[in-house]
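Q: Pasting a structure below so you can have a look.
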Amino acid sequence: MDMPTYTPAETPVPEGVVVIERASTPQELGRRLNRTAADVVRFLMQQGEMVTATQSLSDEMLELFASDVGAELRLVDPGEEQEVELRKVLAVDDLDDDDDEGQDSRPPVITVMGHVDHGKTKLLDRIRDANVVAGEAGGITQHIGAYQVNQGGRPITFIDTPGHEAFTAMRARGADATDIVVLVVAADDGVMPQTVEAIDHAKAADVPIVVAINKVDRENADVQRVMSQLSERGLVPESWGGDTIMVEVSALQGTGIDELLENLLVVAELEDLRASQDGRARGVVLEANLDVGRGPVATVLVQRGTVKVGDPLVAGAAWGRVRALIDHTGNQVKEAGPSTPVQVLGLSDVAEAGDDFIVAPDDRTARNVAETREHWQRVASIGGSAAAVGGGARLEDIFEQIQAGEAATLNLVVKADVTGSLEAVTQSLKKLERDDVKLSFVLRGVGGITQYDIQLAAASNATILGFNVRPDRKARELAEHDNVEIRTYEIIYQLLEDIQNAMVGMLAPEFEEVVTGDAEVREVFQVPKIGAVAGCYVQNGTITRGSKVRFLREGTIIWKGTIASLRRFKDDVREVNAGFECGIGLSDFKDLKPGDVIETYEEREIPRV
Ligand code: GDP
């Protein structure tokens, strides 16, 4: 029988070294070398090797084909080796000079930690509002995951996701982004469990702590008590002969903020933080998401070097030529140096928080590295999801399974607003695993909860956990129909507490937030003295003045509060029904856009059966 003769295809093979995993299949090899799987199979047949398109190939076969088409291969093992090889390809080591001498000093990067409700968010907002030089974009600072302020001409960078969960999730991925931790302790509440956790996490990371004793404006504030509680945990204030800087602040009234910032600069000085401004930029991804208009967007923190528009960049499994850089004031910038947070546009894909990024020597290398990583991730995820199929329980049934002495697996679909929080939630959840209870993540994703999530959860007997996201109407209906449990949270520790309680059979009654109405924003007006008013169309239910409300953009919660005012034409009204237009006063929230949804809700306890 005549063998078909092999004729090389016309498309040129990629130039330079192509990194390929050992035991790749003809399909994978072909894809990376601009050939079809059939090309590979045909060629190997000619060599007397009978293989299928999805069969693993030996090193010899991979190299035989590569040399035949004129490509240069570098074969790597799966696992740790991969990254080592990729670092070689990226020539990372050429960039490492640990010689601090002659390097430029750089701004400190700060993470704010502390117990829930002690004022972390308020403090971050206060610092930002008072010190960020408003950009041209109308003075509205953008939430990009981090921001930079100027204190007496000296910059300080703040990571905008407070709490130790995100901090530790980043560290778990090898990213040490933080130079100094600001530990917020409310003076009226004192040291609480998460204060202690935060201290432990900061110490584990060997990051210096500056204490902000907050809410000193409160009548029952007791600064001395906080100081002695902290001293018991090894943080002794300077005024007592220790070496921990403690500053009294009121995030609410804005007092003590300057002193806090000054002290951060003092600590930064002592730490002698340095990085070279020159050379290819490197750093870490703080947040990433898919923006409808702009494509994949990643906020990165530059740690060394300077990233410029036009640079070929790799961030995890995403790559691209930097199309635009946007700073935290919403302005486009041409470049960003060490300790600067900046949004990067132009990536091929959504990177993950904690991924490192690096400017590659050229486009080809950037692409090669990203595609190799993507391939490995895919291989790993196929293995992971296959393991998830078969068995597993929902939150409500988990205790029964544990009691029955079965090895219980809790199947979860986790959705969050941004990759940073998704990462934080999953990392914290993983820590709850016990010998007798395993967690299986059927899906982890960014964005609102959709009908597809419900379908997947129904199919895999999973519970859906939403963090700062909401199910849309279709998803809610389908969940009810398919009896899929959705639990949504805005505070990580409440989410963790629920899961822990479920594991001991004490799942708290669910307070379902019953949606009472929703309205679509058509237009936003500025009314003198009143502020922003949203012209809306009520789509479902009834909108009632004073009711609890959240603003959603594509299923993600962007604001929560109450409806301050409600009008039909010029009249104040108590409620507006579906099918009518109305004006909704937004109190202090200004950033609404047409197309956003205003959703009102009530909380009702769901009896357990
Ligand atoms: P987080 O959970 O630590 O981020 O806490 P938040 O920043 O959300 O603050 C919790 C509550 O404490 C909010 O109602 C704040 O308005 C309030 N708060 C924050 N800082 C202060 C302060 O300095 N003084 C007073 N009186 N209230 C504050």
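In the structure tokens, the first chain shown is A, the next is B, and so on; residue numbers restart at 1 for each chain, and ligands run from 1 in the order shown.
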Using only C-alpha atoms and all ligand atoms, determine which residues fall within 9 Å of ligand 1, then list them as a PyMOL selection string.

A: chain A and resi 112-125+162-163+184-187+213-219+249-255+491

Q: In Å, rounded to a single decimal, give me how far atom CA of Val359 of chain A is from atom CA of Glu63 of chain A.

A: 29.2 Å

Q: Skip Lys593 of chain A itself and residues of its chain fewer than 5 positions away, then list as a list in words all residues within 10 Å of it, counting only C-alpha atoms.

A: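 So, after excluding close chain neighbours, the residues are Glu520, Val521, Arg522, Glu523, Val524, Ala534 and Arg553 of chain A.
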
Q: Give me the segment 457-523 of chain A side of the contact with segment 548-552 of chain A, cut-off 12 Å, one line per residue showing its nearest atom pair and distance in Å at one decimal, counting only C-alpha atoms, sorted by chain and residue number, as a Markdown table.

A:
```
| residue | atom | partner | partner_atom | distance |
| --- | --- | --- | --- | --- |
| A:Asn468 | CA | A:Leu552 | CA | 10.0 |
| A:Val469 | CA | A:Leu552 | CA | 8.4 |
| A:Arg470 | CA | A:Leu552 | CA | 8.1 |
| A:Pro471 | CA | A:Leu552 | CA | 10.4 |
| A:Asp472 | CA | A:Leu552 | CA | 9.7 |
| A:Glu490 | CA | A:Arg550 | CA | 11.9 |
| A:Glu513 | CA | A:Lys548 | CA | 9.9 |
| A:Val514 | CA | A:Lys548 | CA | 10.7 |
| A:Val515 | CA | A:Val549 | CA | 9.3 |
| A:Thr516 | CA | A:Lys548 | CA | 9.6 |
| A:Gly517 | CA | A:Val549 | CA | 9.4 |
| A:Asp518 | CA | A:Val549 | CA | 9.2 |
| A:Ala519 | CA | A:Phe551 | CA | 9.7 |
| A:Glu520 | CA | A:Leu552 | CA | 9.7 |
| A:Val521 | CA | A:Phe551 | CA | 9.7 |
```

Q: Mind listing the helix (DSSP H, G or I) residues of segment 269-384 of chain A, per DSSP on the backbone, as an MDAnalysis selection string?

A: chainID A and resid 269:271 363:384
